[in-house]
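A.B. asks: Quick one: the structure is below, and I'll ask about it shortly.
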Amino acid sequence: MSVRQWARDLAMGVRFAFTGGREGWTRAVLTAVGVGLGVALLLLTTAVPNALNVRHDREAARSDLTYATEQMPKANDTLVIAALDTSFRDDEVRGRALDPEGPRAPLPPGVDEFPATGEMVVSPALKELLESDSGALLRERLPDRIVGTIGESGLIGSAELAFYRGADGLAQYLELGRVERIDRFGDPEPGPDQSDPVLLLLVLVVFVVLLMPVAVFIAAAVRFGGERRDRRLAALRLVGSDSRMTRRIAAGEALAGSVLGLVFGAGFFMVGRQLAGSAEVYRISVFPSYLNPSPLLALLVAVAVPAAAVLVTVFALRGVVIEPLGVVRASRPARRRLWWRLLLPAAGLAMLYPMIGAGRENGDFNQYLVTGGVVLLLIGVTALLPWIVETVVARLGSGGVAWQLAVRRLQMSSGTAARMINGIAVAVAGAIALQMLFAGVDNDYTKSTGKDLSLAQMEATLPSEVPLATAVGEFRDTEGVKAVHGYSEGYLGDRAQDPEHGTMLTVGDCASLREMAKLPSCEDGDVFVVHGAEWDAGEDMTKLAAPGRKLYADPSYEGGPKSREIPWTVPQDVKAAKPRPGLLAGIDRGGFLVTPKAMPETLAPALDGHAYLKLDESVAEDVHDRVRNTAVALHPLADAMTWSATERTGRFDAIRTGLFVGAACVLALIGASLLVSQLEQLRERKKLLSALVAFGTRRRTLSLSVLWQTAIPIVLGLLLATVVGLTLGTVLLKMTATPVSVDWTSVLFMTGIGAAVVLVVTLLSLPPLLRLMRPEGLRTE
């Protein structure tokens, strides 16, 4: 067969798609919408790596705090910058105070000029929040006058909350750690990329699992209107075309719909790209300019989708005999064979088997074997489901009228029913496997902070010039605060410069000190030394706390700035105390515990204040933000942080967030595509439904039959998805050398989401169904 013949037949099919009257146009548009939705999501997916790279580059370009041990000297091109990061409700707010020290001080990306003291430039999202009624509490914390907005080059997302405020005299706080002198923005020494094989495996599996349902839906979309198309092809046989030519013409029709789908997909992508600029999903936002697909990947999508449309159509017609007087598929189809369908998941398992037990000790997992194995296992779902649906519905017995109508319809077209839910089944199978993998390795990337949330839920740090007693009183007066334990803390060394031995100095009242250690008795004026604390492991506290020994608060170190080096003599009547494990500080706190009367005034500049707050969230709404406002009112550089029992690795959290964002997009595609597919099925059955109504069938019965036609395949599909998902999850856990465990609650949740999507789509299709169930539908023009 010549290429010219193929081209001529395909071109004829394209003409039929667009010149075949209302039927041809309707089918082409339905196919284009289904394909377009899939193409749009594929384009968005190919744009994700670029969006992540841009976010990373923007974050690196505005990097400022390096936490260097040695501060650079003041010059006409230096800037003192302080981190003022905070939170508002559940949102993070990035903040910086700027104090330029010369005319050549570097400007942050996205900022045209330095704000003066009392002024600030903010991100567009923060400006909108501050000007809204819901931002009243945040306005108390950020009262500066807004004089401009941060440009796109200085933000990592359209919904990011960020600000730069003017300041003066920040250099005096350089020892705080959150204040630094810089002469440029950007990370001067980016560290090496530490690759974790398990995290790379997670990324790979996430992409495969999210893209497979899209590919399945595109393959299903090009087969919309198959039954009516086959009747048109029978007419072509009547006028002289042979069976091969007929199939090529059918492929041409599918090609036309897929090419139109590429156009629709590009349009949907541009709309979605613009909408992405105003949306925030799981606290991730981007600018539209970030979502630029890789040209090579976009070209691959443009070539692969039409090619897949032609191949799928030719493959689908391999078992259909199109004769001049009709389509033989209307009779009972031949039973599907099982053996070759089992080969796909078996081959997938065989590809993954060599990597079982590799863990993270044997280098990266082979990405080609991982991709191929996961793809074959998930394709196995689409291959096995039609056989399972056909086998089960063939054995279903009698029942009510609605049941019989549904079962008979499924027996006649089980393949169509299976195609509708293939995407759901693949998505659920992949979600179950990923959930097992995430749950299995979660402990490797989540660690305890050691903080006891029953004792305190927030911690505030205060610069040395803030009187601790004043701060504790202000916090106690804040609505929603039940109790406050306040301490002043500093470091003591055995020498003024480069000390060899040292320990902590903690100042607080007796009630607060009892939360730190086990005290024999306590009165204001007492001094204690804690023996055997984890903090002082390796230190001889008996020698260090010898009465009359001179120690130095805030000692200096070689290469660092000169510190205060304030001398302090250990008093004669120092008392011994024992550590209390796991309390406010998270570990056994050691060193010297001093009550306020026993602390010399000379030590005050070397001590920073810490307040631990116990909250009653049922009393005051937004109590966390009220505490933050109190802290900032005490001092602009005061910081109030919320405690958590655990903390998770940033990259693991980012991958998990990416999965949630992608899953939300895939579910939206699944729902939209299912709705289009359901409407197309109802359109093809318009005359049949009208005939049943004309013969007296109740609409309720027909509606119930449609629900049964959806429910039976989805139950079978979800059962198969659960089996395949558990199998894939088990293999992935064994590959990462992680004990296999199943969170059945998550499995039920995943299957429930899949069932809910199908149920919602079915309910949305009922109004069109009721409009189609009219005797007037039998009229033929």
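Here's how to read the names in the structure tokens: chain A, B, ... by the order shown, residue numbers from 1 in each chain, ligand numbers from 1 in the order shown.
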Please run DSSP on the backbone and report, as a PDB file with C-alpha atoms, in the first residue's frame, all residues within segment 364-510 of chain A that come out as helix (DSSP H, G or I).
C.D. replies:
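Result went into states-v1.pdb, see below:
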ATOM      1  CA  GLN A 367      14.587   5.578  35.306  1.00  0.00           C
ATOM      2  CA  TYR A 368      13.771   3.677  32.115  1.00  0.00           C
ATOM      3  CA  LEU A 369      12.950   0.468  33.961  1.00  0.00           C
ATOM      4  CA  VAL A 370      10.905   2.373  36.539  1.00  0.00           C
ATOM      5  CA  THR A 371       8.963   4.308  33.890  1.00  0.00           C
ATOM      6  CA  GLY A 372       8.404   1.252  31.714  1.00  0.00           C
ATOM      7  CA  GLY A 373       7.394  -0.966  34.623  1.00  0.00           C
ATOM      8  CA  VAL A 374       4.901   1.504  36.095  1.00  0.00           C
ATOM      9  CA  VAL A 375       3.441   2.312  32.654  1.00  0.00           C
ATOM     10  CA  LEU A 376       2.931  -1.377  31.789  1.00  0.00           C
ATOM     11  CA  LEU A 377       1.282  -2.079  35.138  1.00  0.00           C
ATOM     12  CA  LEU A 378      -1.130   0.828  34.715  1.00  0.00           C
ATOM     13  CA  ILE A 379      -1.806  -0.038  31.058  1.00  0.00           C
ATOM     14  CA  GLY A 380      -2.613  -3.502  32.352  1.00  0.00           C
ATOM     15  CA  VAL A 381      -5.601  -1.936  34.095  1.00  0.00           C
ATOM     16  CA  THR A 382      -6.969  -0.660  30.779  1.00  0.00           C
ATOM     17  CA  ALA A 383      -6.353  -4.049  29.142  1.00  0.00           C
ATOM     18  CA  LEU A 384      -7.874  -6.169  31.922  1.00  0.00           C
ATOM     19  CA  LEU A 385     -10.915  -4.025  32.684  1.00  0.00           C
ATOM     20  CA  PRO A 386     -12.855  -4.709  29.429  1.00  0.00           C
ATOM     21  CA  TRP A 387     -12.366  -8.461  29.925  1.00  0.00           C
ATOM     22  CA  ILE A 388     -13.511  -8.284  33.551  1.00  0.00           C
ATOM     23  CA  VAL A 389     -16.570  -6.177  32.720  1.00  0.00           C
ATOM     24  CA  GLU A 390     -17.535  -8.502  29.857  1.00  0.00           C
ATOM     25  CA  THR A 391     -17.049 -11.643  31.961  1.00  0.00           C
ATOM     26  CA  VAL A 392     -19.006 -10.336  34.946  1.00  0.00           C
ATOM     27  CA  VAL A 393     -21.964  -8.787  33.088  1.00  0.00           C
ATOM     28  CA  VAL A 401     -36.696  -3.439  34.453  1.00  0.00           C
ATOM     29  CA  ALA A 402     -33.986  -0.802  35.076  1.00  0.00           C
ATOM     30  CA  TRP A 403     -31.486  -3.531  36.011  1.00  0.00           C
ATOM     31  CA  GLN A 404     -32.295  -5.574  32.907  1.00  0.00           C
ATOM     32  CA  LEU A 405     -31.982  -2.546  30.608  1.00  0.00           C
ATOM     33  CA  ALA A 406     -28.600  -1.679  32.151  1.00  0.00           C
ATOM     34  CA  VAL A 407     -27.246  -5.249  32.072  1.00  0.00           C
ATOM     35  CA  ARG A 408     -28.369  -5.815  28.482  1.00  0.00           C
ATOM     36  CA  ARG A 409     -26.751  -2.571  27.399  1.00  0.00           C
ATOM     37  CA  LEU A 410     -23.514  -3.569  29.133  1.00  0.00           C
ATOM     38  CA  GLN A 411     -23.620  -7.012  27.545  1.00  0.00           C
ATOM     39  CA  MET A 412     -23.944  -5.439  24.099  1.00  0.00           C
ATOM     40  CA  SER A 414     -19.064  -3.694  27.562  1.00  0.00           C
ATOM     41  CA  GLY A 415     -16.019  -2.164  25.825  1.00  0.00           C
ATOM     42  CA  THR A 416     -17.637   1.275  25.698  1.00  0.00           C
ATOM     43  CA  ALA A 417     -18.522   1.081  29.396  1.00  0.00           C
ATOM     44  CA  ALA A 418     -14.977   0.019  30.284  1.00  0.00           C
ATOM     45  CA  ARG A 419     -13.452   2.849  28.225  1.00  0.00           C
ATOM     46  CA  MET A 420     -15.472   5.416  30.160  1.00  0.00           C
ATOM     47  CA  ILE A 421     -13.955   4.443  33.491  1.00  0.00           C
ATOM     48  CA  ASN A 422     -10.480   3.319  32.391  1.00  0.00           C
ATOM     49  CA  GLY A 423      -9.067   6.719  33.314  1.00  0.00           C
ATOM     50  CA  ILE A 424     -10.629   6.602  36.784  1.00  0.00           C
ATOM     51  CA  ALA A 425      -9.299   3.102  37.368  1.00  0.00           C
ATOM     52  CA  VAL A 426      -5.776   4.060  36.272  1.00  0.00           C
ATOM     53  CA  ALA A 427      -5.822   7.211  38.416  1.00  0.00           C
ATOM     54  CA  VAL A 428      -7.026   5.338  41.508  1.00  0.00           C
ATOM     55  CA  ALA A 429      -4.501   2.520  41.034  1.00  0.00           C
ATOM     56  CA  GLY A 430      -1.660   5.023  40.752  1.00  0.00           C
ATOM     57  CA  ALA A 431      -2.949   7.047  43.713  1.00  0.00           C
ATOM     58  CA  ILE A 432      -3.101   3.968  45.946  1.00  0.00           C
ATOM     59  CA  ALA A 433       0.451   2.975  44.993  1.00  0.00           C
ATOM     60  CA  LEU A 434       1.759   6.499  45.615  1.00  0.00           C
ATOM     61  CA  GLN A 435      -0.060   6.765  48.917  1.00  0.00           C
ATOM     62  CA  MET A 436       1.548   3.502  50.068  1.00  0.00           C
ATOM     63  CA  LEU A 437       4.981   4.755  48.966  1.00  0.00           C
ATOM     64  CA  PHE A 438       4.575   8.167  50.620  1.00  0.00           C
ATOM     65  CA  ALA A 439       3.268   6.618  53.837  1.00  0.00           C
ATOM     66  CA  GLY A 440       6.060   4.029  53.851  1.00  0.00           C
ATOM     67  CA  VAL A 441       8.949   6.498  53.519  1.00  0.00           C
ATOM     68  CA  ASP A 442       7.303   9.321  55.481  1.00  0.00           C
ATOM     69  CA  ASN A 443       9.202   8.481  58.662  1.00  0.00           C
ATOM     70  CA  ASP A 444      12.515   8.813  56.796  1.00  0.00           C
ATOM     71  CA  TYR A 445      11.738  12.445  56.001  1.00  0.00           C
ATOM     72  CA  LEU A 468      11.863  40.342  79.859  1.00  0.00           C
ATOM     73  CA  ALA A 469       9.413  41.240  82.625  1.00  0.00           C
ATOM     74  CA  THR A 470       7.719  43.783  80.366  1.00  0.00           C
ATOM     75  CA  ALA A 471       7.499  41.266  77.526  1.00  0.00           C
ATOM     76  CA  VAL A 472       6.042  38.541  79.750  1.00  0.00           C
ATOM     77  CA  GLY A 473       3.423  40.980  81.048  1.00  0.00           C
ATOM     78  CA  GLU A 474       2.427  42.024  77.514  1.00  0.00           C
ATOM     79  CA  PHE A 475       2.101  38.421  76.385  1.00  0.00           C
ATOM     80  CA  ARG A 476       0.012  37.527  79.443  1.00  0.00           C
ATOM     81  CA  CYS A 510      11.416  30.220  90.084  1.00  0.00           C
TER      82      CYS A 510
END
A.B. asks: Measure the distance from atom CA of Gln172 of chain A to atom CA of Val80 of chain A in Å and round it to one decimal.
C.D. replies: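 Those two atoms sit 9.9 Å apart.
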A.B. asks: One decimal, Å: what's the distance from atom CA of Met72 of chain A over to atom CA of Ala97 of chain A, could you say?
C.D. replies: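 These two atoms are separated by 18.2 Å.
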A.B. asks: From the set A:Gly166, A:Gly754, A:Gly272, A:Pro73, which residue has the shortest atom-to-atom contact distance to Cys665 of chain A, counting only C-alpha atoms?
C.D. replies: A:Gly272
A.B. asks: Taking only C-alpha atoms into account, which of A:Gly151, A:Pro600, A:Gly169, A:Pro499 comes nearest Gly525 of chain A?
C.D. replies: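 Using only C-alpha atoms, Gly525 of chain A sits closest to A:Pro600.
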A.B. asks: Quick one: residues within 12 Å of Gly486 of chain A, only C-alpha atoms counted, chain neighbours fewer than 6 positions away excluded, as a ChimeraX atom specification?
C.D. replies: /A:456,459-462,467-476,506-516,584-585,595-596,608-614
A.B. asks: Using only C-alpha atoms, determine which residues lie at most 10 Å from Arg626 of chain A, disregarding the query and same-chain residues fewer than 5 positions distant; provide the list as JSON, numbers by chain.
C.D. replies: {"A": [88, 137, 138, 140, 141, 475, 478, 479, 480, 481, 620, 621, 631]}
A.B. asks: DSSP on the backbone: what in segment 298-431 of chain A comes out strand (DSSP E or B), as a list of chain:residue names?
C.D. replies: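 Selection result, strand (DSSP E or B) within segment 298-431 of chain A: A:Ile322, A:Glu323, A:Gly326, A:Val327.
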A.B. asks: With N, CA, C and O atoms retained, write the just-selected residues as a compact mmCIF listing (two decimals), in the first residue's frame.
C.D. replies:
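Full text of part-v2.txt as output:
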# COMPACT_ATOMS: atom_id res chain seq x y z
N ILE A 322 -17.14 -4.37 8.66
CA ILE A 322 -18.03 -3.36 8.10
C ILE A 322 -18.42 -3.82 6.69
O ILE A 322 -17.57 -3.91 5.80
N GLU A 323 -19.69 -4.16 6.53
CA GLU A 323 -20.21 -4.64 5.25
C GLU A 323 -21.14 -3.59 4.66
O GLU A 323 -21.62 -2.70 5.37
N GLY A 326 -24.38 -3.16 6.70
CA GLY A 326 -24.37 -2.94 8.14
C GLY A 326 -23.05 -3.32 8.77
O GLY A 326 -22.09 -3.69 8.09
N VAL A 327 -23.04 -3.24 10.10
CA VAL A 327 -21.85 -3.50 10.88
C VAL A 327 -22.07 -4.76 11.67
O VAL A 327 -23.05 -4.88 12.43
A.B. asks: I'd like a table as a Markdown table: residues in segment 572-672 of chain A with an atom no more than 8 Å from segment 274-283 of chain A, each row giving the shortest atom pair and its distance in Å to one decimal, only C-alpha atoms counted, sorted by chain and rising residue number.
C.D. replies:
| residue | atom | partner | partner_atom | distance |
| --- | --- | --- | --- | --- |
| A:Thr657 | CA | A:Tyr282 | CA | 6.6 |
| A:Phe660 | CA | A:Tyr282 | CA | 7.4 |
| A:Val661 | CA | A:Val281 | CA | 6.2 |
A.B. asks: If I take atom CA of Gln572 of chain A and atom CA of Gly538 of chain A, how far is one from the other in Å, to one decimal?
C.D. replies: 23.9 Å
A.B. asks: Near Ala215 of chain A, within 10 Å and counting only C-alpha atoms, which residues show up once chain neighbours fewer than 2 positions away are dropped, as a PyMOL selection string?
C.D. replies: chain A and resi 35+38-39+42+210-213+217-221+305+308+423
